[in-house]
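Colleague: Quick one: structure below, then a few questions.
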Amino acid sequence: MVAGPNRSTRLDFSRKPHEAARAPYMLPIRRLSSVSRNVLRVGLIPADGIGREVIPAARLAIEAVGSSIPKPEFIDLDAGFEYFQKHGKALPDATLQKLKNECDCALFGAVSSPSTKVAGYSSPIVALRKAMDLYANIRPVVGVSSSNKPKVDLVVVRENTECLYVKQEKLETGQDGKQVAKATRVITEHASRRIGQMAFKIAEERLRKHLTIIHKSNVLSITDGLFRESVRAVAGQWPDVTIAEQLVDSAVYKLFREPQVFDVMVAPNLYGDIISDAAAALVGSLGVVPSVNAGDNFVIGEPVHGSAPDIAGQQKANPVAAIRSAAMMLRHLGYGEAAERIDRAVDTVLVEGNVLTPDLGGNATTNEVTEAILKLI
């Protein structure tokens with residue numbers, strides 16, 4: 001669900017020009033080789049809930065940049081819990097094959113994964129990350145400018161393929177006849193080193209050049225111990241980046257008390273998921289926080305918010321996160337000028353504050369915010 005302040009609250013999104021130019025969602029993340037393309041083939045996976053409202057907005061933003069990118073062609077693809085309810089599979093084989101064989105990149109909306117076990121169901125976005133080896137989920141969080149709040153300007157780099165998200169769970173019967181649930185947690189040196197490399201590269205591009213490794217190795221000394229050691233093992237390639245460590249529980253506490261101490265945070269899958277959503281609360285709404293799922297050969301833009309079924313179909317969804325995710329995706333592919341045009345248009349709309357969705361204290365609709373951004377691209 002998209003969370004945000006009371007509707008009567010107005011947020012100050014003002015930033016100085018040089019700050020906007022260095023906003024983390026505008027930084028080069030990890031550019032895929034820009035091959036010569038006549039056409040840019042973008043897979044669109046709206047999935048569930050408000051995903052069907054915000055992904056069309058992101059598509060319009062991509063179309064609006066015109067000749068800054070190759071001519072875009074959009075391929076509509078199926079996935080999600082609602083698709084599972086109708087067809088018995090959350091991620092159709094056809095979707096995966098088209099992504100691999102027909103698409104240069106993709107956008108994913110949101111998924112309504114149930115909180116209770118549903119036989120045969122597994123999250124399609126988790127499956128996509130594994131199948132496409134999109135090992136890094138990169139989530140920048142930019143804070144609002146405020147005289148009584150510390151500045152939030154950080155990037156969470158989340159390992160995307162393992163940890164508890166390998167979904168190896170089982171239910172057993174104990175000696176007392178009662179049920180015992182067990183889950184396998186997988187942390188590998190390979191995955192930890194490469195997410196560390198990604199995080200160091202991002203940190204090196206930023207002004208502060210500071211990386212915090214998030215773990216709980218005081219308790220999980222083997223799994224989290226391997227993670228922190230593997231990330232530290234690649235540090236020598238980036239001598240200008242300073243390193244700190246933080247236990248995940250104290251990191252959440254410090255995130256709310258002193259968010260300004262963080263620059264880039266790198267974490268195993270579960271911790272990264274939690275701290276990035278927590279960080280979004282500091283900037284007013286999940287509806288403004290973008291992300292990309294990135295690998296060495298493919299990238300999927302994905303707004304951080306969920307499917308928000310309580311507002312789906314009501315034109316209350318904030319399209320900013322999806323539009324910024326599209327910009328991140330384009331930048332990842334090497335189309336920086338197009339991405340910058342989108343980002344500047346979004347910044348202007350937020351700074352002016354005249355056209356905002358309810359999660360940011362406004363009363364504008366999804367389409368009205370989208371149209372305001374498109375006029376400025």
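How things are named: the first chain in the structure tokens is A, the next is B, and so on; residues count from 1 in each chain; ligands count from 1 in the order shown.
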Which polymer residues have any atom within 12 Å of an atom of A:Val369, counting only C-alpha atoms, with same-chain residues fewer than 6 positions away left out, as a compact mmCIF listing (two decimals) with C-alpha atoms, in the first residue's frame?
Modeller:
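Result file is selection-v8.txt:
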```
# COMPACT_ATOMS: atom_id res chain seq x y z
CA GLU A 53 -2.57 2.75 -13.32
CA VAL A 54 1.06 3.73 -12.78
CA ALA A 57 1.96 6.67 -16.78
CA ALA A 58 5.55 5.46 -17.00
CA ALA A 61 6.87 9.40 -19.90
CA GLN A 315 -7.18 7.52 -9.62
CA LYS A 316 -5.49 8.16 -6.26
CA ALA A 317 -2.24 6.32 -6.99
CA ASN A 318 0.92 8.40 -7.17
CA PRO A 319 2.63 7.79 -10.56
CA VAL A 320 5.91 9.45 -9.54
CA ALA A 321 7.66 6.27 -8.34
CA ILE A 323 7.87 7.36 -13.74
CA ALA A 345 10.00 17.29 -14.99
CA VAL A 346 9.11 15.27 -11.90
CA ASP A 347 11.20 17.55 -9.68
CA THR A 348 9.49 20.63 -11.03
CA VAL A 349 6.01 19.24 -10.40
CA LEU A 350 6.96 18.27 -6.85
CA GLU A 352 5.75 23.62 -7.35
CA GLY A 353 3.40 21.48 -5.28
CA ASN A 354 0.27 22.45 -7.19
CA VAL A 355 -0.48 19.00 -8.62
CA LEU A 356 0.01 16.29 -6.00
CA THR A 357 -1.80 13.06 -5.23
CA PRO A 358 -3.46 12.51 -1.80
CA LEU A 360 1.49 13.93 -0.63
CA GLY A 362 -2.86 17.07 -2.58
CA ASN A 363 -6.09 16.18 -4.32
CA LYS A 375 4.04 18.79 -20.21
CA LEU A 376 7.50 19.45 -18.78
```
Colleague: Please identify all polymer residues within 9 Å of A:Tyr121, counting only C-alpha atoms, omitting same-chain residues fewer than 2 positions from it, and present them as a PDB file with C-alpha atoms, in the first residue's frame.
Modeller:
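Dumped everything to around25.pdb:
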```pdb
ATOM      1  CA  PHE A  81      -1.766 -12.760  -8.140  1.00  0.00           C
ATOM      2  CA  PHE A  84      -2.686 -16.673 -10.836  1.00  0.00           C
ATOM      3  CA  GLY A  88      -3.067 -21.078 -11.852  1.00  0.00           C
ATOM      4  CA  LYS A  89       0.339 -19.509 -12.461  1.00  0.00           C
ATOM      5  CA  ALA A  90       1.643 -16.125 -11.288  1.00  0.00           C
ATOM      6  CA  SER A 113       0.958 -11.374  -2.842  1.00  0.00           C
ATOM      7  CA  LYS A 117      -0.146 -19.478   2.230  1.00  0.00           C
ATOM      8  CA  VAL A 118      -1.931 -20.105  -1.063  1.00  0.00           C
ATOM      9  CA  ALA A 119      -1.223 -23.505  -2.602  1.00  0.00           C
ATOM     10  CA  SER A 123       5.583 -14.110  -6.013  1.00  0.00           C
ATOM     11  CA  PRO A 124       6.198 -13.365  -9.702  1.00  0.00           C
TER      12      PRO A 124
END
```
Colleague: Identify, on the basis of only C-alpha atoms, every residue whose closest approach to A:Ala244 does not exceed 7 Å; exclude the query and any residue fewer than 6 positions from it along the same chain; express the result as a list in words.
Modeller: Leu211, Thr212 and Ile213 of chain A
Colleague: Residues as selected, all heavy atoms, written as a compact mmCIF listing (two decimals), in the first residue's frame, can you do that?
Modeller:
```
# COMPACT_ATOMS: atom_id res chain seq x y z
N LEU A 211 29.92 3.85 2.35
CA LEU A 211 29.12 2.63 2.27
C LEU A 211 28.96 2.03 3.66
O LEU A 211 29.95 1.85 4.38
CB LEU A 211 29.78 1.62 1.33
CG LEU A 211 29.09 0.26 1.21
CD1 LEU A 211 27.73 0.40 0.53
CD2 LEU A 211 29.96 -0.72 0.42
N THR A 212 27.72 1.70 4.01
CA THR A 212 27.44 1.01 5.28
C THR A 212 26.95 -0.40 4.98
O THR A 212 25.99 -0.60 4.24
CB THR A 212 26.37 1.76 6.09
OG1 THR A 212 26.79 3.11 6.30
CG2 THR A 212 26.15 1.08 7.43
N ILE A 213 27.63 -1.38 5.57
CA ILE A 213 27.24 -2.79 5.41
C ILE A 213 26.26 -3.13 6.53
O ILE A 213 26.56 -2.98 7.71
CB ILE A 213 28.47 -3.71 5.50
CG1 ILE A 213 29.53 -3.29 4.47
CG2 ILE A 213 28.06 -5.16 5.27
CD1 ILE A 213 30.87 -4.00 4.66
```
Colleague: Given the choices A:Ile275, A:Ala364, A:Val299, A:Val283, which gets closest to A:Leu333 if the distance is worked out from only C-alpha atoms?
Modeller: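 Among A:Ile275, A:Ala364, A:Val299, A:Val283, it is A:Val299 that comes nearest to A:Leu333.
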Colleague: May I have all residues of stretch 196-340 of chain A that DSSP, computed from the backbone, assigns to strand (DSSP E), given as JSON, numbers by chain?
Modeller: {"A": [210, 211, 212, 213, 214, 215, 242, 243, 244, 245, 246, 247, 264, 265, 266, 267, 292, 293, 294, 299, 300, 301]}
Colleague: For the residues selected in the previous step, produce a file with N, CA and C atoms as an mmCIF file, in the first residue's frame.
Modeller:
```cif
data_model
loop_
_atom_site.group_PDB
_atom_site.id
_atom_site.type_symbol
_atom_site.label_atom_id
_atom_site.label_comp_id
_atom_site.auth_asym_id
_atom_site.auth_seq_id
_atom_site.Cartn_x
_atom_site.Cartn_y
_atom_site.Cartn_z
ATOM 1 N N HIS A 210 30.480 6.928 0.717
ATOM 2 C CA HIS A 210 30.443 6.201 1.990
ATOM 3 C C HIS A 210 29.487 5.016 1.881
ATOM 4 N N LEU A 211 29.917 3.855 2.346
ATOM 5 C CA LEU A 211 29.117 2.634 2.265
ATOM 6 C C LEU A 211 28.963 2.025 3.660
ATOM 7 N N THR A 212 27.720 1.695 4.012
ATOM 8 C CA THR A 212 27.439 1.015 5.277
ATOM 9 C C THR A 212 26.952 -0.399 4.981
ATOM 10 N N ILE A 213 27.625 -1.381 5.568
ATOM 11 C CA ILE A 213 27.237 -2.785 5.413
ATOM 12 C C ILE A 213 26.257 -3.132 6.531
ATOM 13 N N ILE A 214 25.071 -3.597 6.144
ATOM 14 C CA ILE A 214 24.024 -3.930 7.101
ATOM 15 C C ILE A 214 24.003 -5.444 7.321
ATOM 16 N N HIS A 215 24.020 -5.862 8.579
ATOM 17 C CA HIS A 215 24.035 -7.301 8.867
ATOM 18 C C HIS A 215 23.570 -7.531 10.293
ATOM 19 N N THR A 242 34.712 5.138 1.890
ATOM 20 C CA THR A 242 34.834 4.776 3.300
ATOM 21 C C THR A 242 33.766 3.736 3.654
ATOM 22 N N ILE A 243 34.061 2.912 4.658
ATOM 23 C CA ILE A 243 33.191 1.796 4.999
ATOM 24 C C ILE A 243 32.798 1.860 6.465
ATOM 25 N N ALA A 244 31.525 1.563 6.723
ATOM 26 C CA ALA A 244 31.035 1.406 8.095
ATOM 27 C C ALA A 244 30.167 0.151 8.135
ATOM 28 N N GLU A 245 29.877 -0.305 9.324
ATOM 29 C CA GLU A 245 28.978 -1.440 9.508
ATOM 30 C C GLU A 245 27.902 -1.068 10.514
ATOM 31 N N GLN A 246 26.733 -1.680 10.371
ATOM 32 C CA GLN A 246 25.642 -1.408 11.292
ATOM 33 C C GLN A 246 24.791 -2.661 11.423
ATOM 34 N N LEU A 247 24.513 -3.053 12.652
ATOM 35 C CA LEU A 247 23.565 -4.140 12.866
ATOM 36 C C LEU A 247 22.189 -3.691 12.388
ATOM 37 N N VAL A 264 25.202 5.194 1.161
ATOM 38 C CA VAL A 264 24.806 3.966 0.481
ATOM 39 C C VAL A 264 24.790 2.848 1.514
ATOM 40 N N MET A 265 23.708 2.073 1.514
ATOM 41 C CA MET A 265 23.569 0.942 2.425
ATOM 42 C C MET A 265 23.475 -0.330 1.594
ATOM 43 N N VAL A 266 24.253 -1.345 1.934
ATOM 44 C CA VAL A 266 24.189 -2.617 1.220
ATOM 45 C C VAL A 266 23.759 -3.686 2.210
ATOM 46 N N ALA A 267 22.815 -4.537 1.777
ATOM 47 C CA ALA A 267 22.214 -5.468 2.717
ATOM 48 C C ALA A 267 21.781 -6.749 2.026
ATOM 49 N N VAL A 292 15.258 -0.028 -9.429
ATOM 50 C CA VAL A 292 15.484 -0.937 -10.549
ATOM 51 C C VAL A 292 15.987 -2.262 -10.004
ATOM 52 N N ASN A 293 15.577 -3.333 -10.670
ATOM 53 C CA ASN A 293 16.144 -4.656 -10.464
ATOM 54 C C ASN A 293 17.150 -4.853 -11.583
ATOM 55 N N ALA A 294 18.425 -4.925 -11.231
ATOM 56 C CA ALA A 294 19.474 -4.870 -12.243
ATOM 57 C C ALA A 294 20.366 -6.092 -12.201
ATOM 58 N N VAL A 299 17.507 -5.153 -17.096
ATOM 59 C CA VAL A 299 17.078 -4.280 -16.020
ATOM 60 C C VAL A 299 15.558 -4.151 -16.066
ATOM 61 N N ILE A 300 14.946 -4.186 -14.880
ATOM 62 C CA ILE A 300 13.503 -3.976 -14.751
ATOM 63 C C ILE A 300 13.275 -2.841 -13.762
ATOM 64 N N GLY A 301 12.608 -1.785 -14.210
ATOM 65 C CA GLY A 301 12.216 -0.703 -13.322
ATOM 66 C C GLY A 301 10.995 -1.131 -12.519
#
```
Colleague: Contacts of A:Asn269 at 6 Å or less, counting only C-alpha atoms, minus same-chain residues fewer than 5 places along, as a list in words?
Modeller: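 Skipping anything fewer than 5 positions along the chain leaves Arg158, Glu159, Asn160 and Cys163 of chain A.
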Colleague: From the list A:Tyr253, A:Phe200, A:Tyr83, A:Phe227, which residue is nearest A:Ala278 when using only C-alpha atoms?
Modeller: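 So, comparing all the options, the nearest one is A:Tyr253.
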Colleague: DSSP says alpha helix (DSSP H) for which residues of stretch 73-311 of chain A? Put them as a ChimeraX atom specification?
Modeller: /A:81-87,93-102,124-131,189-205,223-233,248-257,269-281
Colleague: Report the distance between atom CA of A:Ser230 and atom CA of A:Arg193 in Å, rounded to one decimal place.
Modeller: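 Taking atom CA of A:Ser230 as the start and atom CA of A:Arg193 as the end point, the length is 5.1 Å.
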Colleague: From the list A:Gly334, A:Val304, A:Ala327, A:Leu134, which residue is nearest A:Gly287 when using only C-alpha atoms?
Modeller: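 With only C-alpha atoms as the atom set, the closest residue is A:Val304.
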Colleague: Excluding A:Pro46 and its own-chain neighbours fewer than 5 positions away, which residues fall within 9 Å of it when counting only C-alpha atoms? Please give them as an MDAnalysis selection string.
Modeller: chainID A and resid 51:56 76:80 107:111
Colleague: Once you have the residues from the selection above, write them out as a PDB file, in the first residue's frame, restricted to N, CA, C and O atoms.
Modeller:
```
ATOM      1  N   GLY A  51      -0.724  -1.046 -10.023  1.00  0.00           N
ATOM      2  CA  GLY A  51       0.244  -1.255 -11.099  1.00  0.00           C
ATOM      3  C   GLY A  51      -0.362  -0.974 -12.464  1.00  0.00           C
ATOM      4  O   GLY A  51       0.317  -0.479 -13.370  1.00  0.00           O
ATOM      5  N   ARG A  52      -1.659  -1.242 -12.600  1.00  0.00           N
ATOM      6  CA  ARG A  52      -2.345  -1.017 -13.881  1.00  0.00           C
ATOM      7  C   ARG A  52      -2.607   0.456 -14.146  1.00  0.00           C
ATOM      8  O   ARG A  52      -3.007   0.828 -15.254  1.00  0.00           O
ATOM      9  N   GLU A  53      -2.398   1.302 -13.142  1.00  0.00           N
ATOM     10  CA  GLU A  53      -2.566   2.747 -13.325  1.00  0.00           C
ATOM     11  C   GLU A  53      -1.230   3.461 -13.481  1.00  0.00           C
ATOM     12  O   GLU A  53      -1.132   4.436 -14.241  1.00  0.00           O
ATOM     13  N   VAL A  54      -0.206   3.004 -12.763  1.00  0.00           N
ATOM     14  CA  VAL A  54       1.061   3.733 -12.785  1.00  0.00           C
ATOM     15  C   VAL A  54       1.984   3.301 -13.920  1.00  0.00           C
ATOM     16  O   VAL A  54       2.786   4.112 -14.407  1.00  0.00           O
ATOM     17  N   ILE A  55       1.897   2.055 -14.374  1.00  0.00           N
ATOM     18  CA  ILE A  55       2.748   1.637 -15.490  1.00  0.00           C
ATOM     19  C   ILE A  55       2.359   2.341 -16.790  1.00  0.00           C
ATOM     20  O   ILE A  55       3.241   2.753 -17.554  1.00  0.00           O
ATOM     21  N   PRO A  56       1.065   2.530 -17.088  1.00  0.00           N
ATOM     22  CA  PRO A  56       0.725   3.361 -18.257  1.00  0.00           C
ATOM     23  C   PRO A  56       1.286   4.777 -18.168  1.00  0.00           C
ATOM     24  O   PRO A  56       1.675   5.363 -19.181  1.00  0.00           O
ATOM     25  N   ASP A  76       3.138  -5.908 -24.002  1.00  0.00           N
ATOM     26  CA  ASP A  76       2.314  -6.141 -22.819  1.00  0.00           C
ATOM     27  C   ASP A  76       2.474  -7.587 -22.349  1.00  0.00           C
ATOM     28  O   ASP A  76       2.329  -8.533 -23.133  1.00  0.00           O
ATOM     29  N   LEU A  77       2.755  -7.740 -21.055  1.00  0.00           N
ATOM     30  CA  LEU A  77       3.041  -9.059 -20.494  1.00  0.00           C
ATOM     31  C   LEU A  77       2.208  -9.305 -19.238  1.00  0.00           C
ATOM     32  O   LEU A  77       1.870  -8.374 -18.514  1.00  0.00           O
ATOM     33  N   ASP A  78       1.891 -10.572 -19.002  1.00  0.00           N
ATOM     34  CA  ASP A  78       1.038 -10.955 -17.869  1.00  0.00           C
ATOM     35  C   ASP A  78       1.863 -11.451 -16.689  1.00  0.00           C
ATOM     36  O   ASP A  78       2.921 -12.071 -16.859  1.00  0.00           O
ATOM     37  N   ALA A  79       1.359 -11.192 -15.486  1.00  0.00           N
ATOM     38  CA  ALA A  79       1.915 -11.739 -14.244  1.00  0.00           C
ATOM     39  C   ALA A  79       1.042 -11.218 -13.115  1.00  0.00           C
ATOM     40  O   ALA A  79       0.237 -10.300 -13.290  1.00  0.00           O
ATOM     41  N   GLY A  80       1.197 -11.802 -11.930  1.00  0.00           N
ATOM     42  CA  GLY A  80       0.509 -11.283 -10.761  1.00  0.00           C
ATOM     43  C   GLY A  80      -0.397 -12.284 -10.086  1.00  0.00           C
ATOM     44  O   GLY A  80      -0.670 -13.374 -10.598  1.00  0.00           O
ATOM     45  N   LEU A 107       9.311  -2.849 -17.290  1.00  0.00           N
ATOM     46  CA  LEU A 107       8.762  -2.163 -16.127  1.00  0.00           C
ATOM     47  C   LEU A 107       7.759  -3.093 -15.452  1.00  0.00           C
ATOM     48  O   LEU A 107       6.933  -3.711 -16.124  1.00  0.00           O
ATOM     49  N   PHE A 108       7.865  -3.177 -14.123  1.00  0.00           N
ATOM     50  CA  PHE A 108       6.950  -4.005 -13.346  1.00  0.00           C
ATOM     51  C   PHE A 108       6.157  -3.103 -12.412  1.00  0.00           C
ATOM     52  O   PHE A 108       6.724  -2.237 -11.752  1.00  0.00           O
ATOM     53  N   GLY A 109       4.839  -3.327 -12.322  1.00  0.00           N
ATOM     54  CA  GLY A 109       3.989  -2.459 -11.517  1.00  0.00           C
ATOM     55  C   GLY A 109       3.969  -2.809 -10.044  1.00  0.00           C
ATOM     56  O   GLY A 109       4.711  -2.249  -9.242  1.00  0.00           O
ATOM     57  N   ALA A 110       3.128  -3.750  -9.666  1.00  0.00           N
ATOM     58  CA  ALA A 110       3.012  -4.157  -8.261  1.00  0.00           C
ATOM     59  C   ALA A 110       2.300  -5.498  -8.212  1.00  0.00           C
ATOM     60  O   ALA A 110       1.567  -5.854  -9.137  1.00  0.00           O
ATOM     61  N   VAL A 111       2.507  -6.220  -7.134  1.00  0.00           N
ATOM     62  CA  VAL A 111       1.887  -7.533  -7.013  1.00  0.00           C
ATOM     63  C   VAL A 111       1.184  -7.656  -5.663  1.00  0.00           C
ATOM     64  O   VAL A 111       1.672  -7.185  -4.640  1.00  0.00           O
TER      65      VAL A 111
END
```
Colleague: In Å, rounded to a single decimal, give me how far atom CA of A:Leu44 is from atom CA of A:Gly336.
Modeller: 20.7 Å
Colleague: Do you have the atom CA of A:Val65-atom CA of A:Asp153 distance handy?
Modeller: 26.5 Å
Colleague: Determine the nearest neighbour of A:Asn137 from the options A:Leu164, A:Val156, A:Ala235, A:Ile342, counting only C-alpha atoms.
Modeller: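 Ranking A:Leu164, A:Val156, A:Ala235, A:Ile342 by distance to A:Asn137, first place goes to A:Val156.
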Colleague: Closest to A:Glu162 among A:Ser307, A:Ser291, A:Thr223, A:Ser217, using only C-alpha atoms?
Modeller: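 Smallest separation from A:Glu162 among the options: A:Thr223.
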